[in-house]
>>> print(open('start_29.txt').read())   # compact mmCIF, C-alpha atoms
# COMPACT_ATOMS: atom_id res chain seq x y z
CA MET A 1 -26.86 12.64 96.84
CA LYS A 2 -23.41 13.81 97.96
CA MET A 3 -20.39 15.15 96.05
CA THR A 4 -17.75 12.73 94.76
CA LEU A 5 -14.30 13.27 93.25
CA PRO A 6 -15.66 12.93 89.69
CA CYS A 7 -18.20 15.65 90.56
CA ILE A 8 -15.37 18.03 91.43
CA ALA A 9 -13.64 17.33 88.11
CA CYS A 10 -16.95 17.92 86.30
CA PHE A 11 -17.49 21.23 88.08
CA MET A 12 -14.01 22.45 87.17
CA ARG A 13 -14.83 21.73 83.53
CA GLN A 14 -18.11 23.62 83.90
CA ALA A 15 -16.31 26.57 85.48
CA VAL A 16 -13.83 26.81 82.60
CA GLU A 17 -16.54 26.54 79.93
CA THR A 18 -18.81 29.04 81.65
CA VAL A 19 -16.16 31.67 82.30
CA GLN A 20 -15.13 31.45 78.64
CA ARG A 21 -18.75 32.08 77.71
CA ALA A 22 -19.15 34.90 80.25
CA THR A 23 -16.10 37.08 79.47
CA ASP A 24 -13.30 37.54 76.95
CA ASP A 25 -10.94 39.07 79.52
CA PRO A 26 -8.08 36.56 80.15
CA HIS A 27 -7.21 38.14 83.51
CA VAL A 28 -10.77 37.86 84.79
CA ARG A 29 -11.00 34.29 83.51
CA LEU A 30 -7.91 33.29 85.46
CA GLU A 31 -9.05 35.02 88.66
CA VAL A 32 -12.43 33.31 88.46
CA ILE A 33 -10.88 29.85 88.11
CA LYS A 34 -8.55 30.56 91.03
CA GLU A 35 -11.58 31.52 93.15
CA VAL A 36 -13.43 28.37 92.09
CA CYS A 37 -10.41 26.33 93.20
CA ARG A 38 -10.71 27.98 96.61
CA LEU A 39 -14.38 26.99 96.70
CA VAL A 40 -13.37 23.35 96.32
CA ASP A 41 -11.63 23.61 99.69
CA THR A 42 -15.05 24.21 101.31
CA VAL A 43 -16.51 20.89 100.13
CA THR A 44 -17.42 18.48 102.92
CA GLU A 45 -18.83 14.96 102.98
CA GLU A 46 -22.31 16.51 103.28
CA THR A 47 -22.06 18.83 100.27
CA THR A 48 -24.43 18.02 97.42
CA PRO A 49 -23.70 18.85 93.77
CA PRO A 50 -26.46 21.50 93.58
CA ASP A 51 -25.11 23.14 96.78
CA PHE A 52 -21.68 23.51 95.20
CA ALA A 53 -23.04 24.45 91.79
CA GLU A 54 -24.98 27.35 93.29
CA GLN A 55 -21.77 28.77 94.77
CA LEU A 56 -19.75 28.10 91.62
CA TYR A 57 -22.09 29.80 89.19
CA ALA A 58 -22.76 32.72 91.53
CA THR A 59 -19.00 33.27 91.70
CA VAL A 60 -18.58 33.18 87.92
CA TYR A 61 -21.50 35.51 87.30
CA ARG A 62 -20.43 37.98 90.01
CA MET A 63 -16.75 38.15 89.03
CA THR A 64 -17.41 38.45 85.29
CA GLY A 65 -20.29 40.90 85.71
CA ASN A 66 -22.40 38.70 83.43
CA PRO A 67 -25.64 37.69 85.20
CA ASP A 68 -26.79 35.18 82.57
CA PRO A 69 -24.17 33.92 80.08
CA PHE A 70 -26.62 31.31 78.76
CA VAL A 71 -29.53 33.63 77.97
CA GLU A 72 -29.34 33.26 74.18
CA VAL A 73 -28.64 29.53 74.38
CA LYS A 74 -31.79 29.05 76.46
CA ARG A 75 -33.92 30.82 73.88
CA GLU A 76 -32.35 28.76 71.10
CA ALA A 77 -33.09 25.54 73.00
CA ASN A 78 -36.77 26.36 73.35
CA ALA A 79 -36.99 27.45 69.71
CA LEU A 80 -35.33 24.20 68.60
CA VAL A 81 -37.88 22.02 70.39
CA MET A 82 -40.85 24.21 69.47
CA ALA A 83 -39.88 23.79 65.81
CA ILE A 84 -40.27 20.01 66.06
CA GLU A 85 -43.19 20.13 68.51
CA PRO A 86 -45.86 19.36 65.85
CA ARG A 87 -44.14 16.02 65.13
CA LEU A 88 -43.72 15.31 68.84
CA ARG A 89 -47.39 16.07 69.46
CA GLU A 90 -48.36 13.78 66.58
CA ALA A 91 -46.27 10.97 68.09
CA VAL A 92 -48.03 11.46 71.42
CA GLU A 93 -51.58 11.70 70.13
CA GLN A 94 -51.32 8.79 67.68
CA SER A 95 -49.85 6.35 70.21
CA ARG A 96 -51.74 3.67 72.11
CA ASP A 97 -50.56 5.22 75.41
CA PRO A 98 -50.19 9.00 74.92
CA LEU A 99 -49.15 9.58 78.54
CA LEU A 100 -46.31 7.05 78.34
CA VAL A 101 -45.02 8.62 75.14
CA ALA A 102 -45.21 12.08 76.74
CA VAL A 103 -43.29 10.76 79.77
CA LYS A 104 -40.58 9.30 77.55
CA LEU A 105 -40.31 12.50 75.51
CA SER A 106 -40.01 14.59 78.67
CA ILE A 107 -37.05 12.35 79.61
CA VAL A 108 -35.54 12.90 76.15
CA GLY A 109 -35.76 16.63 76.87
CA ASN A 110 -33.54 16.10 79.90
CA SER A 111 -30.64 15.58 77.48
CA MET A 112 -30.62 19.36 76.94
CA ASP A 113 -28.44 19.98 79.99
CA LEU A 114 -25.44 22.26 79.43
CA GLY A 115 -24.10 21.41 82.88
CA VAL A 116 -23.27 17.97 81.45
CA VAL A 117 -22.95 18.31 77.66
CA HIS A 118 -21.09 20.91 75.62
CA GLU A 119 -23.95 21.40 73.17
CA TYR A 120 -27.31 19.90 72.37
CA GLY A 121 -27.00 16.60 70.53
CA ASP A 122 -29.34 14.85 68.13
CA VAL A 123 -32.60 15.34 70.04
CA LYS A 124 -34.69 13.77 67.27
CA GLY A 125 -32.41 10.72 67.12
CA LEU A 126 -32.51 10.33 70.89
CA ALA A 127 -36.30 10.61 70.86
CA HIS A 128 -36.50 7.79 68.33
CA ARG A 129 -34.23 5.58 70.46
CA VAL A 130 -36.08 6.19 73.72
CA LEU A 131 -39.52 5.74 72.15
CA SER A 132 -38.50 2.46 70.54
CA THR A 133 -36.92 0.92 73.66
CA GLY A 134 -38.01 0.23 77.21
CA LEU A 135 -37.27 2.25 80.31
CA ALA A 136 -34.06 1.45 82.20
CA MET A 137 -36.02 1.81 85.45
CA ASP A 138 -39.77 1.47 85.07
CA ASP A 139 -42.21 2.64 87.75
CA TYR A 140 -44.61 4.01 85.15
CA GLY A 141 -47.48 1.85 86.39
CA THR A 142 -47.27 3.35 89.88
CA PHE A 143 -46.85 6.81 88.33
CA VAL A 144 -50.23 6.38 86.61
CA GLU A 145 -51.88 5.09 89.80
CA ARG A 146 -50.72 8.09 91.82
CA LEU A 147 -51.69 10.51 89.07
CA ARG A 148 -55.25 9.20 88.82
CA SER A 149 -55.95 9.89 92.51
CA ALA A 150 -53.97 13.12 92.99
CA ARG A 151 -55.60 16.43 93.84
CA HIS A 152 -52.40 18.48 93.47
CA VAL A 153 -49.37 17.52 91.38
CA ALA A 154 -46.05 19.38 91.63
CA VAL A 155 -43.54 19.10 88.77
CA VAL A 156 -39.99 20.29 89.48
CA GLY A 157 -38.61 21.66 86.21
CA ASP A 158 -35.02 21.46 85.05
CA ASN A 159 -33.70 22.81 81.73
CA ASN A 160 -34.78 25.04 78.90
CA GLY A 161 -35.67 23.07 75.79
CA GLU A 162 -36.78 20.32 78.14
CA ILE A 163 -39.61 22.54 79.34
CA VAL A 164 -41.27 22.35 75.91
CA PHE A 165 -41.33 18.56 76.29
CA ASP A 166 -42.69 19.11 79.81
CA ARG A 167 -45.55 21.13 78.37
CA LEU A 168 -46.60 18.10 76.32
CA LEU A 169 -46.34 15.97 79.46
CA LEU A 170 -48.48 18.37 81.48
CA GLU A 171 -51.14 18.32 78.76
CA GLN A 172 -51.37 14.53 78.91
CA MET A 173 -51.31 14.45 82.71
CA LYS A 174 -54.20 16.93 82.80
CA ARG A 175 -56.16 14.80 80.32
CA MET A 176 -55.92 11.92 82.75
CA ASN A 177 -56.56 14.04 85.85
CA ASN A 178 -57.51 17.70 85.54
CA CYS A 179 -56.49 18.55 89.09
CA ARG A 180 -54.27 21.39 90.31
CA TYR A 181 -50.71 21.47 88.91
CA THR A 182 -47.72 23.52 90.06
CA TYR A 183 -44.49 23.84 88.11
CA ILE A 184 -41.44 24.68 90.25
CA VAL A 185 -38.65 26.69 88.58
CA ARG A 186 -35.30 28.17 89.62
CA GLY A 187 -35.22 31.48 91.47
CA GLY A 188 -32.65 33.00 89.12
CA PRO A 189 -30.43 32.25 86.10
CA VAL A 190 -28.07 29.29 86.52
CA ILE A 191 -26.63 27.38 83.56
CA ASN A 192 -29.53 26.77 81.12
CA ASP A 193 -32.04 25.92 83.86
CA VAL A 194 -35.63 27.13 83.71
CA THR A 195 -36.68 30.35 85.46
CA ARG A 196 -40.14 31.88 85.77
CA GLU A 197 -39.50 34.03 82.69
CA ASP A 198 -38.56 30.95 80.64
CA ALA A 199 -41.64 29.01 81.78
CA LEU A 200 -43.92 31.90 80.88
CA ALA A 201 -42.27 32.24 77.46
CA VAL A 202 -43.31 28.70 76.46
CA GLY A 203 -46.78 28.82 78.02
CA ILE A 204 -46.33 26.58 81.07
CA ASP A 205 -48.57 29.01 82.98
CA ARG A 206 -51.53 27.95 80.83
CA LEU A 207 -51.27 24.48 82.35
CA ALA A 208 -49.90 25.00 85.87
CA ASP A 209 -49.23 27.54 88.56
CA ILE A 210 -45.58 28.62 88.59
CA VAL A 211 -43.58 28.84 91.81
CA ASP A 212 -39.87 29.65 91.97
CA THR A 213 -37.30 28.38 94.44
CA GLY A 214 -36.05 31.84 95.37
CA VAL A 215 -32.43 30.81 94.77
CA ALA A 216 -30.28 30.25 91.68
CA ALA A 217 -29.33 26.64 92.44
CA PRO A 218 -29.51 23.99 89.66
CA GLY A 219 -31.76 21.79 91.78
CA LEU A 220 -34.50 22.08 94.39
CA VAL A 221 -32.42 22.50 97.56
CA LEU A 222 -35.01 22.26 100.32
CA SER A 223 -32.80 23.82 103.01
CA THR A 224 -32.41 27.10 101.10
CA CYS A 225 -35.40 27.35 98.76
CA SER A 226 -38.36 29.70 99.18
CA ASP A 227 -41.12 28.93 101.66
CA ALA A 228 -43.56 28.79 98.74
CA ALA A 229 -41.58 26.12 96.88
CA ARG A 230 -41.02 24.10 100.06
CA ARG A 231 -44.71 24.25 100.92
CA VAL A 232 -45.76 23.05 97.46
CA PHE A 233 -43.19 20.25 97.59
CA TYR A 234 -44.51 18.84 100.86
CA GLU A 235 -48.22 19.56 100.43
CA ALA A 236 -48.70 18.23 96.88
CA ASP A 237 -50.17 14.73 96.64
CA MET A 238 -47.65 13.80 93.94
CA VAL A 239 -44.22 15.22 93.11
CA VAL A 240 -42.53 14.65 89.75
CA SER A 241 -38.84 15.60 89.74
CA LYS A 242 -37.26 16.21 86.33
CA GLY A 243 -33.57 15.72 85.61
CA GLN A 244 -30.25 14.99 87.29
CA GLY A 245 -29.87 18.24 89.22
CA ASN A 246 -33.17 17.71 90.97
CA TYR A 247 -32.34 14.05 91.58
CA GLU A 248 -29.04 15.06 93.18
CA SER A 249 -30.79 17.47 95.54
CA LEU A 250 -33.95 15.44 96.28
CA SER A 251 -32.90 11.77 96.27
CA ASP A 252 -32.86 11.68 100.09
CA ALA A 253 -35.91 13.90 100.65
CA SER A 254 -38.48 12.75 103.19
CA ARG A 255 -41.47 12.15 100.92
CA GLU A 256 -42.53 9.91 98.08
CA MET A 257 -41.74 11.25 94.62
CA PHE A 258 -41.16 10.20 91.03
CA PHE A 259 -37.87 10.93 89.27
CA LEU A 260 -37.93 11.31 85.48
CA LEU A 261 -34.47 11.68 84.00
CA LEU A 262 -31.92 10.61 81.44
CA VAL A 263 -28.81 9.15 83.10
CA LYS A 264 -25.93 11.31 81.87
CA CYS A 265 -22.91 10.49 84.04
CA ASP A 266 -21.25 7.56 85.77
CA VAL A 267 -21.82 9.02 89.26
CA VAL A 268 -25.60 9.18 88.88
CA ALA A 269 -25.60 5.84 87.06
CA LYS A 270 -23.89 4.19 90.04
CA ASP A 271 -26.21 5.87 92.56
CA LEU A 272 -29.31 4.79 90.64
CA GLY A 273 -28.11 1.41 89.47
CA ALA A 274 -29.01 2.30 85.89
CA PRO A 275 -26.81 2.60 82.77
CA VAL A 276 -25.57 5.87 81.33
CA GLY A 277 -28.00 6.82 78.58
CA GLY A 278 -30.87 5.02 80.28
CA ALA A 279 -34.32 6.62 80.53
CA VAL A 280 -35.60 6.42 84.10
CA VAL A 281 -39.04 6.60 85.72
CA LEU A 282 -38.28 5.89 89.37
CA ARG A 283 -40.53 6.02 92.42
CA ARG A 284 -38.76 6.68 95.70
CA ASP A 285 -40.35 6.32 99.12
CA ALA A 286 -39.72 8.94 101.81
CA GLY A 287 -36.01 9.03 102.58
CA GLY A 288 -35.04 6.99 99.52
>>> encode(input="start_29.txt", output="C-alpha cells")
Amino acid sequence: MKMTLPCIACFMRQAVETVQRATDDPHVRLEVIKEVCRLVDTVTEETTPPDFAEQLYATVYRMTGNPDPFVEVKREANALVMAIEPRLREAVEQSRDPLLVAVKLSIVGNSMDLGVVHEYGDVKGLAHRVLSTGLAMDDYGTFVERLRSARHVAVVGDNNGEIVFDRLLLEQMKRMNNCRYTYIVRGGPVINDVTREDALAVGIDRLADIVDTGVAAPGLVLSTCSDAARRVFYEADMVVSKGQGNYESLSDASREMFFLLLVKCDVVAKDLGAPVGGAVVLRRDAGG
C-alpha cells in the first residue's frame, strides 16, 4: 500500500504529538518539525506508510534524545487489558466458537494504536460491539481451514495492549492445532508497537517463538527487515498479519496471508473496500 496525501497529513499530526511527548524544549520541537517537513520532500509514488514512519520516528527520537517516548504508555496499555483479561477469557471459553471470539477480540485490540488515535478509547465497549456484530470482511472459514493443516504459523504483531488479546488468540489457535508458532515483533521502539521486551513481559514466549524485524518500522517491511523475520514470513505455512501498519507494508507481498485488523482511517477503508470501524478477517493471495 502506497502513501497518499491524507497519509502525509496524518504523519504531520503524529510528528507534532510525538515531539510534544518526547521533549519540553520549544526550540527542539520546532527544529524536529522542520526536519520532518524536509522528509516529506523525499516521498515518492513508491513510498509506503511504514517506510516513511520509520524515518519520521527515528528523526524525532534522535533529535529529542528520547529513544522511547511511549514506554510508560505501552506498559499502561498492557496493564489495562490484563486487568480485564479474566472477563475476556470467560467470553472466549464460554462461547460456542472460542476461536472466532478470540479472533474478534484480537481485532478489538488493534484499536490500541497511538499512531491513529490520541488515547485508548472504550475497549470494553468496542469489544461488546464487535462480538455482537458480524465481520465487515469475513474469511474466517478459510482461516480455520488453513490453521487446521498448518505445521508452522507466523503471527505478525502490532501494538502493545493488543498483544494481550493476541495471547488469547494464540491459546485458541494452539488448541485447534498445536504446531509451531512464531510471533514477529518490531526491532526497536516505534510509537506503541510491540518489541521483544514487550512480548516477553506479557508471556507471548510461552506460546510462540519470538523473532524481531531488526528495524524500528511500524510494519513488517520485507525489504529492510532481518533475515530471520523474512525467512519466517516466507517459510511459515500460514501468516497472520495484525493491524493497519502491517497491512500497509504487506498488502502486496508475494504470498498468501490473513489480515486481522480494525479499519481506522478512510485511506485503508478505501483500499480494503470496508467501512471505517469495521472488523476485518481477510485472506489475500500472493500479490494481493
>>> axis_aligned_box(input="start_29.txt", around="range 64-72 of chain A", padding_each_side="4 Å", output="AutoDock Vina command-line options")
--center_x -23.5 --center_y 36.1 --center_z 79.9 --size_x 20.1 --size_y 17.6 --size_z 19.5
>>> residues_around(input="start_29.txt", residues="Val280 in chain A", least_positions_apart="5", cutoff="12 Å", atoms="all atoms listed in the file", output="PyMOL selection string")
chain A and resi 103-108+110+130+133-140+241-244+247+258-264+268-269+272-275
>>> residues_around(input="start_29.txt", residues="Pro86 in chain A", least_positions_apart="5", cutoff="12 Å", atoms="all atoms listed in the file", output="list in words")
Leu80, Val81, Ala91, Val92, Glu93, Val164, Phe165 and Leu168 of chain A
>>> residues_around(input="start_29.txt", residues="range 283-287 of chain A", least_positions_apart="3", cutoff="8 Å", atoms="only C-alpha atoms", output="number ranges by chain")
A: 139, 142-143, 251-259
>>> closest_atom_pairs(input="start_29.txt", of="range 67-113 of chain A", to="range 154-160 of chain A", cutoff="10 Å", atoms="all atoms listed in the file", output="Markdown table")
| residue | atom | partner | partner_atom | distance |
| --- | --- | --- | --- | --- |
| A:Val73 | CA | A:Asn160 | CA | 8.8 |
| A:Lys74 | CA | A:Asn160 | CA | 5.6 |
| A:Arg75 | CA | A:Asn160 | CA | 7.7 |
| A:Glu76 | CA | A:Asn160 | CA | 9.0 |
| A:Ala77 | CA | A:Asn160 | CA | 6.2 |
| A:Asn78 | CA | A:Asn160 | CA | 6.0 |
| A:Ala79 | CA | A:Asn160 | CA | 9.8 |
| A:Val81 | CA | A:Asn160 | CA | 9.5 |
| A:Gly109 | CA | A:Asn159 | CA | 8.1 |
| A:Asn110 | CA | A:Asn159 | CA | 7.0 |
| A:Ser111 | CA | A:Asn159 | CA | 8.9 |
| A:Met112 | CA | A:Asn159 | CA | 6.7 |
| A:Asp113 | CA | A:Asn159 | CA | 6.2 |
>>> closest_residue(input="start_29.txt", among="A:Pro189, A:Pro50, A:Pro98, A:Gly245", to="Arg175 in chain A", atoms="only C-alpha atoms")
A:Pro98
>>> atom_distance(input="start_29.txt", atom1="CA of Asp51 in chain A", atom2="CA of Thr23 in chain A")
24.0 Å
>>> atom_distance(input="start_29.txt", atom1="CA of Arg38 in chain A", atom2="CA of Glu248 in chain A")
22.7 Å
>>> closest_residue(input="start_29.txt", among="A:Val71, A:Ile84, A:Leu99, A:Ile210", to="Asn192 in chain A", atoms="only C-alpha atoms")
A:Val71
>>> residues_around(input="start_29.txt", residues="Val215 in chain A", least_positions_apart="6", cutoff="8 Å", atoms="only C-alpha atoms", output="PyMOL selection string")
chain A and resi 186-188+224-226
>>> closest_residue(input="start_29.txt", among="A:Leu282, A:Val239, A:Asp68, A:Val267", to="Leu5 in chain A", atoms="all atoms listed in the file")
A:Val267
>>> residues_around(input="start_29.txt", residues="Met63 in chain A", least_positions_apart="3", cutoff="9 Å", atoms="only C-alpha atoms", output="JSON, numbers by chain")
{"A": [28, 29, 31, 32, 58, 59, 60, 66]}
